[in-house]
>>> print(open('protein-v5.cif').read())   # mmCIF, C-alpha atoms
data_structure
loop_
_atom_site.label_atom_id
_atom_site.label_comp_id
_atom_site.auth_asym_id
_atom_site.auth_seq_id
_atom_site.Cartn_x
_atom_site.Cartn_y
_atom_site.Cartn_z
CA MET A 592 0.00 0.00 0.00
CA LYS A 593 2.81 2.44 0.90
CA THR A 594 4.45 1.71 -2.45
CA GLN A 595 1.23 2.49 -4.29
CA ILE A 596 0.86 5.74 -2.39
CA SER A 597 4.49 6.65 -3.15
CA TYR A 598 3.91 6.00 -6.86
CA ALA A 599 0.78 8.17 -6.76
CA ILE A 600 2.63 11.04 -5.06
CA ALA A 601 5.48 10.75 -7.54
CA ALA A 602 3.01 10.85 -10.44
CA LEU A 603 1.39 14.00 -9.03
CA LEU A 604 4.77 15.66 -8.59
CA LEU A 605 5.78 14.79 -12.14
CA ALA A 606 2.47 16.09 -13.43
CA GLY A 607 3.03 19.33 -11.52
CA CYS A 608 6.51 19.68 -12.97
CA ALA A 609 5.17 19.01 -16.45
CA SER A 610 2.41 21.61 -15.97
CA GLN A 611 4.97 24.15 -14.78
CA ALA A 612 7.12 23.39 -17.82
CA VAL A 613 4.12 24.03 -20.08
CA LEU A 614 3.42 27.30 -18.27
CA ASN A 615 7.04 28.32 -18.66
CA ASP A 616 6.74 27.76 -22.41
CA VAL A 617 3.75 30.11 -22.69
CA PRO A 618 4.99 33.49 -23.97
CA GLN A 619 4.39 36.27 -21.49
CA ASN A 620 2.70 39.50 -22.57
CA PRO A 621 5.45 42.15 -22.43
CA ILE A 622 2.93 45.00 -22.18
CA ILE A 623 1.19 43.91 -19.01
CA GLN A 624 4.57 43.18 -17.40
CA LYS A 625 5.76 46.77 -17.85
CA ASP A 626 5.97 49.02 -14.80
CA SER A 627 4.10 51.73 -16.70
CA TYR A 628 1.15 49.36 -17.19
CA THR A 629 0.94 48.10 -13.63
CA ALA A 630 1.43 51.60 -12.19
CA ALA A 631 -1.27 53.23 -14.36
CA PRO A 632 -4.56 54.21 -12.65
CA ASP A 633 -7.28 51.63 -13.24
CA VAL A 634 -9.53 53.99 -15.17
CA LEU A 635 -6.74 54.89 -17.61
CA ARG A 636 -5.55 51.32 -18.01
CA ASP A 637 -9.12 50.06 -18.59
CA TRP A 638 -9.69 52.76 -21.21
CA VAL A 639 -6.52 51.95 -23.13
CA ASN A 640 -7.18 48.20 -22.88
CA ALA A 641 -10.62 48.68 -24.40
CA ARG A 642 -9.55 51.02 -27.17
CA ALA A 643 -6.31 49.39 -28.26
CA GLY A 644 -5.95 46.00 -26.56
CA THR A 645 -2.92 44.68 -24.71
CA GLY A 646 -0.76 43.34 -27.52
CA GLU A 647 -2.42 41.74 -30.53
CA PRO A 648 -4.32 44.16 -32.84
CA VAL A 649 -8.00 44.75 -32.14
CA HIS A 650 -10.68 46.11 -34.45
CA TRP A 651 -13.66 48.39 -33.89
CA LEU A 652 -16.40 47.72 -36.46
CA ALA A 653 -19.03 50.33 -37.32
CA GLU A 654 -22.37 50.48 -39.10
CA GLY A 655 -24.87 53.32 -39.42
CA GLY A 656 -26.28 56.05 -41.62
CA VAL A 657 -25.91 59.60 -42.94
CA TYR A 658 -28.88 61.96 -42.71
CA ALA A 659 -29.74 65.37 -44.18
CA TYR A 660 -29.97 68.19 -41.67
CA PRO A 661 -32.43 69.46 -40.60
CA SER A 662 -34.92 67.27 -42.50
CA GLY A 663 -33.61 63.94 -41.18
CA GLU A 664 -33.90 62.25 -44.58
CA LYS A 665 -31.59 59.25 -44.80
CA LEU A 666 -29.09 59.83 -47.60
CA PHE A 667 -26.58 56.99 -47.27
CA GLY A 668 -25.60 54.06 -45.15
CA MET A 669 -22.06 53.71 -43.85
CA ILE A 670 -19.78 50.86 -42.83
CA GLY A 671 -16.21 50.95 -41.60
CA PHE A 672 -13.67 49.90 -39.02
CA ASP A 673 -10.44 50.81 -37.31
CA SER A 674 -7.51 48.55 -36.49
CA SER A 675 -5.58 49.45 -33.35
CA THR A 676 -2.59 48.57 -31.21
CA VAL A 677 -0.80 50.21 -28.29
CA ILE A 678 2.73 51.02 -27.17
CA TRP A 679 3.13 51.35 -23.41
CA PRO A 680 6.30 53.22 -22.39
CA ASP A 681 9.12 51.66 -20.40
CA ASP A 682 9.02 54.62 -18.01
CA PRO A 683 5.81 55.03 -15.96
CA ASP A 684 6.00 58.77 -16.71
CA GLY A 685 6.25 58.20 -20.47
CA GLU A 686 3.56 58.56 -23.15
CA ILE A 687 1.03 55.83 -23.86
CA ILE A 688 0.75 55.67 -27.65
CA HIS A 689 -2.31 54.32 -29.48
CA LEU A 690 -1.63 53.55 -33.17
CA THR A 691 -4.62 53.09 -35.44
CA ARG A 692 -5.89 53.17 -39.01
CA LYS A 693 -9.55 53.71 -39.87
CA THR A 694 -11.65 53.68 -43.00
CA PHE A 695 -15.35 54.15 -43.76
CA ALA A 696 -17.36 53.59 -46.94
CA TYR A 697 -20.65 55.18 -47.97
CA THR A 698 -23.30 52.64 -48.93
CA ASP A 699 -26.59 52.77 -50.83
CA LYS A 700 -29.32 53.57 -48.30
CA ASP A 701 -31.62 50.89 -49.73
CA THR A 702 -29.39 48.05 -50.97
CA GLY A 703 -26.43 48.46 -48.61
CA GLU A 704 -23.96 48.14 -51.48
CA VAL A 705 -20.74 50.16 -51.19
CA LEU A 706 -20.97 53.27 -53.37
CA THR A 707 -18.25 53.98 -55.92
CA GLU A 708 -20.30 56.54 -57.92
CA TYR A 709 -23.10 58.98 -57.06
CA ASN A 710 -24.84 61.27 -59.52
CA GLY A 711 -22.02 60.77 -61.98
CA GLN A 712 -19.26 61.60 -59.48
CA ALA A 713 -16.69 59.24 -57.98
CA VAL A 714 -17.20 58.29 -54.34
CA GLU A 715 -14.05 57.58 -52.32
CA PRO A 716 -14.06 55.97 -48.87
CA ILE A 717 -12.84 58.02 -45.93
CA ALA A 718 -9.42 56.54 -45.20
CA TYR A 719 -6.94 57.50 -42.52
CA PRO A 720 -3.67 55.60 -43.13
CA TYR A 721 -2.79 56.37 -39.53
CA GLN A 722 -3.73 58.27 -36.41
CA MET A 723 -1.35 58.44 -33.46
CA ILE A 724 -2.98 59.20 -30.11
CA THR A 725 -1.12 59.85 -26.86
CA TYR A 726 -3.03 59.35 -23.60
CA ARG A 727 -2.65 60.71 -20.11
CA LEU A 728 -4.81 61.13 -17.00
CA GLU A 729 -5.15 64.58 -15.50
CA ASN A 730 -7.68 65.90 -12.97
CA ASP A 731 -9.60 62.62 -13.18
CA ARG A 732 -10.08 62.94 -16.94
CA ILE A 733 -8.43 61.10 -19.80
CA TYR A 734 -6.72 63.25 -22.40
CA GLY A 735 -5.86 62.03 -25.88
CA ASP A 736 -3.89 64.23 -28.30
CA VAL A 737 -4.36 63.10 -31.91
CA GLU A 738 -1.63 63.45 -34.55
CA GLN A 739 -2.73 63.03 -38.17
CA GLY A 740 -2.19 64.27 -41.72
CA VAL A 741 0.65 64.27 -44.22
CA GLY A 742 3.29 66.71 -45.42
CA ASP A 743 2.48 70.31 -44.56
CA ALA A 744 -0.95 69.20 -43.32
CA VAL A 745 0.39 67.19 -40.36
CA ARG A 746 -1.29 68.52 -37.24
CA VAL A 747 -1.82 67.63 -33.61
CA ILE A 748 -5.38 68.04 -32.36
CA GLU A 749 -4.85 68.63 -28.67
CA ALA A 750 -7.40 67.43 -26.13
CA LYS A 751 -8.63 70.54 -24.35
CA ASP A 752 -11.37 69.31 -22.03
CA GLY A 753 -10.50 65.66 -21.60
CA ILE A 754 -12.76 62.62 -21.57
CA PRO A 755 -15.07 62.46 -18.55
CA TYR A 756 -16.34 59.11 -17.39
CA ARG A 757 -18.96 57.78 -15.01
CA LYS A 758 -20.09 54.43 -13.75
CA MET A 759 -23.56 53.02 -14.36
CA GLY A 760 -24.05 49.75 -12.52
CA ASP A 761 -20.97 47.67 -13.27
CA SER A 762 -20.26 49.46 -16.57
CA TYR A 763 -18.33 52.61 -17.41
CA ILE A 764 -19.33 55.30 -19.91
CA TYR A 765 -16.57 57.45 -21.39
CA ASN A 766 -17.68 60.54 -23.33
CA ALA A 767 -15.44 62.28 -25.87
CA ALA A 768 -16.85 65.37 -27.55
CA VAL A 769 -14.68 66.91 -30.29
CA PHE A 770 -15.17 70.39 -31.75
CA LEU A 771 -13.16 70.81 -34.96
CA ASP A 772 -12.44 74.19 -36.51
CA PHE A 773 -9.24 74.69 -38.48
CA PRO A 774 -8.07 75.96 -41.89
CA LEU A 775 -7.42 73.55 -44.76
CA PRO A 776 -4.59 73.86 -47.30
CA SER A 777 -7.28 74.56 -49.92
CA GLY A 778 -8.17 77.77 -48.08
CA ASN A 779 -11.47 76.44 -46.78
CA GLN A 780 -12.29 76.05 -43.12
CA TYR A 781 -12.99 72.60 -41.67
CA GLU A 782 -15.82 72.75 -39.14
CA ALA A 783 -17.52 69.77 -37.48
CA TRP A 784 -18.72 68.40 -34.17
CA GLU A 785 -18.19 64.75 -33.25
CA ASN A 786 -19.32 62.90 -30.14
CA TYR A 787 -18.14 59.49 -28.98
CA ASP A 788 -19.88 57.56 -26.18
CA PHE A 789 -17.95 54.42 -25.22
CA PHE A 790 -19.66 51.75 -23.12
CA ILE A 791 -17.19 49.46 -21.36
CA HIS A 792 -18.85 46.47 -19.69
CA PRO A 793 -17.29 43.86 -17.37
CA GLU A 794 -15.78 40.97 -19.27
CA GLY A 795 -18.25 38.11 -19.62
CA SER A 796 -21.29 40.22 -18.70
CA VAL A 797 -22.46 40.73 -22.31
CA ASP A 798 -21.57 39.29 -25.71
CA GLU A 799 -19.93 42.57 -26.81
CA PRO A 800 -18.29 44.19 -23.75
CA TYR A 801 -16.80 47.10 -25.73
CA GLN A 802 -19.36 49.30 -27.52
CA MET A 803 -19.52 52.81 -28.90
CA SER A 804 -22.09 55.25 -30.31
CA TRP A 805 -20.74 58.01 -32.57
CA GLN A 806 -22.43 61.13 -33.96
CA ARG A 807 -21.11 63.82 -36.28
CA TYR A 808 -22.54 67.13 -37.42
CA GLY A 809 -20.76 68.64 -40.41
CA LYS A 810 -20.92 69.18 -44.13
CA LEU A 811 -21.25 66.37 -46.63
CA PRO A 812 -18.33 65.84 -49.05
CA PRO A 813 -18.48 67.84 -52.31
CA TRP A 814 -19.68 64.84 -54.35
CA ALA A 815 -22.74 64.63 -52.06
CA GLY A 816 -23.56 68.34 -52.25
CA GLY A 817 -21.60 69.77 -49.32
CA THR A 818 -24.73 70.50 -47.26
CA PRO A 819 -25.10 70.00 -43.48
CA SER A 820 -25.61 66.42 -42.31
CA ILE A 821 -25.75 64.12 -39.31
CA THR A 822 -23.85 60.84 -39.25
CA HIS A 823 -24.66 58.23 -36.62
CA LEU A 824 -22.70 54.99 -36.25
CA HIS A 825 -22.79 52.20 -33.68
CA SER A 826 -19.57 50.32 -33.13
CA TRP A 827 -18.26 47.27 -31.30
CA ARG A 828 -14.86 45.65 -30.82
CA VAL A 829 -13.69 42.31 -32.23
CA GLU A 830 -10.43 40.46 -31.76
CA SER A 831 -9.92 38.97 -35.23
CA LEU A 832 -10.89 39.26 -38.88
CA ASP A 833 -13.02 36.13 -38.47
CA GLU A 834 -15.54 38.26 -36.55
CA PHE A 835 -16.02 40.83 -39.35
CA PRO A 836 -19.37 40.92 -41.18
CA GLN A 837 -18.72 39.22 -44.51
CA GLN A 838 -19.59 42.27 -46.64
CA MET A 839 -17.23 44.49 -44.66
CA LEU A 840 -14.39 41.97 -44.80
CA ASP A 841 -14.82 41.38 -48.55
CA TRP A 842 -14.78 45.14 -49.20
CA ALA A 843 -11.72 45.67 -46.98
CA LYS A 844 -9.73 42.86 -48.56
CA ALA A 845 -10.54 44.11 -52.06
CA GLU A 846 -10.24 47.87 -51.53
CA ARG A 847 -8.49 48.63 -48.22
CA PRO A 848 -6.27 45.65 -47.25
CA MET A 849 -3.69 47.86 -45.49
CA TRP A 850 -6.35 48.96 -43.00
CA LEU A 851 -6.82 45.42 -41.69
CA LYS A 852 -3.67 45.93 -39.60
CA PRO A 853 -2.68 48.96 -37.52
CA PRO A 854 0.65 50.75 -37.91
CA ALA A 855 3.25 48.65 -36.13
CA THR A 856 5.60 51.40 -34.93
CA VAL A 857 5.97 55.15 -34.57
CA GLU A 858 8.62 54.92 -37.30
CA GLU A 859 5.97 53.60 -39.69
CA VAL A 860 3.79 56.60 -38.84
CA ARG A 861 6.65 58.98 -39.64
CA MET A 862 7.03 57.36 -43.05
CA LEU A 863 3.29 57.63 -43.72
CA GLN A 864 3.43 61.33 -42.88
CA LYS A 865 5.61 61.79 -45.95
CA GLY A 866 3.04 60.19 -48.25
CA GLU A 867 -0.32 61.19 -49.66
CA GLY A 868 -3.50 61.67 -47.66
CA GLY A 869 -7.01 60.56 -48.37
CA PRO A 870 -10.54 62.00 -48.20
CA GLY A 871 -11.52 63.33 -44.80
CA TRP A 872 -8.13 63.64 -43.18
CA SER A 873 -5.47 65.40 -45.22
CA GLY A 874 -7.28 68.58 -46.21
CA ASN A 875 -7.46 67.76 -49.91
#
>>> encode(input="protein-v5.cif", output="structure tokens")
Amino acid sequence: MKTQISYAIAALLLAGCASQAVLNDVPQNPIIQKDSYTAAPDVLRDWVNARAGTGEPVHWLAEGGVYAYPSGEKLFGMIGFDSSTVIWPDDPDGEIIHLTRKTFAYTDKDTGEVLTEYNGQAVEPIAYPYQMITYRLENDRIYGDVEQGVGDAVRVIEAKDGIPYRKMGDSYIYNAAVFLDFPLPSGNQYEAWENYDFFIHPEGSVDEPYQMSWQRYGKLPPWAGGTPSITHLHSWRVESLDEFPQQMLDWAKAERPMWLKPPATVEEVRMLQKGEGGPGWSGN
């Protein structure tokens, strides 16, 4: 009997050693091991985790519509997505950098097909080859300064009022209102209001724990008449391309394959800043 017990104990010990060996072979996430990550306030860390993940790229998918203002007539549908990653600094006092690309296509309001032509004019998707956002927490608000554009049109849109947040039940709501008013290289003035409401739910509490509602008031592009409009999109986060709606994935692979991955480094962003911009972001 003692021999049997000894064999059993030995088997358990060997199993424990084997399990530890397997655990040792699992690659550790370098981001969450950084001092800057562990030292960050919970509200800032949770925000960055939701927006940009903790290592592998994440994607925020969006669907919605574009409406005439003030009539409310639906003019177009819209689909799109962003692909994001994050760089946490080595120093806890360093900048947290969110790297992203985003693109949106106008769709036919009835059929949902992506528009390439409207009233005889070419329709181009809105396409940001990059945005670089740096985050910080000040006075219990999250601030995110956005760098975008190319060539002489590179600009930093500084966060002036920060992102307030509040808790509702077990969920957090982060609100980011953006008022845009700046000159374009063409000589025109860019004016718009955008509002982002992010809903961050506890993991496992709902099927889609990261959600967002986005509204924009501003002028339509020239091909659509340039009149005032309201855009409203709802958005949710996915972890892989397998979770994309098929139409969106087919369109992205055919027309915007670069956008299926975020910029990998700040150096890549600096190279993109020397290139050409696209509709909605470079002032052309």
>>> atom_distance(input="protein-v5.cif", atom1="CA of Lys865 (chain A)", atom2="CA of Val741 (chain A)")
5.8 Å
>>> atom_distance(input="protein-v5.cif", atom1="CA of Gly656 (chain A)", atom2="CA of Thr702 (chain A)")
12.7 Å
>>> resolve_selection(input="protein-v5.cif", expression="the PyMOL selection byres ((chain A and resi 735) around 7)", output="ChimeraX atom specification")
/A:724-727,733-734,736-737,750
>>> resolve_selection(input="protein-v5.cif", expression="the PyMOL selection byres ((chain A and resi 769-780) around 10)", output="list in words")
Asp743, Ala744, Ile748, Ala750, Lys751, Asp752, Gly753, Ile754, Asn766, Ala767, Ala768, Tyr781, Glu782, Ala783, Trp784, Glu785, Asn786, Tyr787, Arg807, Tyr808, Gly809, Ser873, Gly874 and Asn875 of chain A
>>> closest_residue(input="protein-v5.cif", among="A:Val745, A:Ile670, A:Ile791, A:Ala713", to="Leu652 (chain A)", atoms="all atoms listed in the file")
A:Ile670
>>> atom_distance(input="protein-v5.cif", atom1="CA of Ala718 (chain A)", atom2="CA of Glu830 (chain A)")
21.0 Å
>>> resolve_selection(input="protein-v5.cif", expression="the PyMOL selection byres ((chain A and resi 621) around 12)", output="list in words")
Pro618, Gln619, Asn620, Ile622, Ile623, Gln624, Lys625, Asp626, Ser627, Tyr628, Thr629, Thr645, Gly646, Glu647, Val677, Ile678, Trp679, Pro680 and Asp681 of chain A
>>> write_last_selection(input="protein-v5.cif", atoms="C-alpha atoms", output="short mmCIF file (atom, residue, chain, number, x, y, z; two decimals), keeping the file's coordinate frame")
data_model
loop_
_atom_site.label_atom_id
_atom_site.label_comp_id
_atom_site.auth_asym_id
_atom_site.auth_seq_id
_atom_site.Cartn_x
_atom_site.Cartn_y
_atom_site.Cartn_z
CA PRO A 618 4.99 33.49 -23.97
CA GLN A 619 4.39 36.27 -21.49
CA ASN A 620 2.70 39.50 -22.57
CA ILE A 622 2.93 45.00 -22.18
CA ILE A 623 1.19 43.91 -19.01
CA GLN A 624 4.57 43.18 -17.40
CA LYS A 625 5.76 46.77 -17.85
CA ASP A 626 5.97 49.02 -14.80
CA SER A 627 4.10 51.73 -16.70
CA TYR A 628 1.15 49.36 -17.19
CA THR A 629 0.94 48.10 -13.63
CA THR A 645 -2.92 44.68 -24.71
CA GLY A 646 -0.76 43.34 -27.52
CA GLU A 647 -2.42 41.74 -30.53
CA VAL A 677 -0.80 50.21 -28.29
CA ILE A 678 2.73 51.02 -27.17
CA TRP A 679 3.13 51.35 -23.41
CA PRO A 680 6.30 53.22 -22.39
CA ASP A 681 9.12 51.66 -20.40
#
>>> closest_residue(input="protein-v5.cif", among="A:Glu846, A:Glu858, A:Gln864, A:Gly795", to="Val705 (chain A)", atoms="only C-alpha atoms")
A:Glu846
>>> closest_residue(input="protein-v5.cif", among="A:Glu715, A:Asn730, A:Leu811, A:His792", to="Met759 (chain A)", atoms="all atoms listed in the file")
A:His792
>>> closest_residue(input="protein-v5.cif", among="A:Trp842, A:Tyr763, A:Tyr658, A:Tyr697", to="Phe790 (chain A)", atoms="all atoms listed in the file")
A:Tyr763
>>> axis_aligned_box(input="protein-v5.cif", around="region 699-710 of chain A", padding_each_side="8 Å", output="JSON")
{"center_x": -24.9, "center_y": 54.7, "center_z": -53.9, "size_x": 29.4, "size_y": 29.2, "size_z": 27.2}
>>> residues_near_point(input="protein-v5.cif", point="(-15.8, 50.0, -24.7)", cutoff="7 Å", atoms="only C-alpha atoms", output="PyMOL selection string")
chain A and resi 641-642+789-792+800-803
>>> write_last_selection(input="protein-v5.cif", atoms="C-alpha atoms", output="PDB file, in the frame of the given file")
ATOM      1  CA  ALA A 641     -10.620  48.680 -24.400  1.00  0.00           C
ATOM      2  CA  ARG A 642      -9.550  51.020 -27.170  1.00  0.00           C
ATOM      3  CA  PHE A 789     -17.950  54.420 -25.220  1.00  0.00           C
ATOM      4  CA  PHE A 790     -19.660  51.750 -23.120  1.00  0.00           C
ATOM      5  CA  ILE A 791     -17.190  49.460 -21.360  1.00  0.00           C
ATOM      6  CA  HIS A 792     -18.850  46.470 -19.690  1.00  0.00           C
ATOM      7  CA  PRO A 800     -18.290  44.190 -23.750  1.00  0.00           C
ATOM      8  CA  TYR A 801     -16.800  47.100 -25.730  1.00  0.00           C
ATOM      9  CA  GLN A 802     -19.360  49.300 -27.520  1.00  0.00           C
ATOM     10  CA  MET A 803     -19.520  52.810 -28.900  1.00  0.00           C
TER      11      MET A 803
END
>>> residues_around(input="protein-v5.cif", residues="Met862 (chain A)", least_positions_apart="4", cutoff="12 Å", atoms="all atoms listed in the file", output="list in words")
Pro720, Tyr721, Gly740, Val741, Gly742, Pro854, Ala855, Thr856, Val857, Glu858, Gly866 and Glu867 of chain A
>>> closest_residue(input="protein-v5.cif", among="A:Ala653, A:Leu832, A:Gln806, A:Met723", to="Glu859 (chain A)", atoms="only C-alpha atoms")
A:Met723
>>> closest_residue(input="protein-v5.cif", among="A:Pro848, A:Val714, A:Asp731, A:Pro632", to="Pro755 (chain A)", atoms="only C-alpha atoms")
A:Asp731
>>> residues_around(input="protein-v5.cif", residues="Trp651 (chain A)", least_positions_apart="3", cutoff="6 Å", atoms="all atoms listed in the file", output="PyMOL selection string")
chain A and resi 672-673+827-828
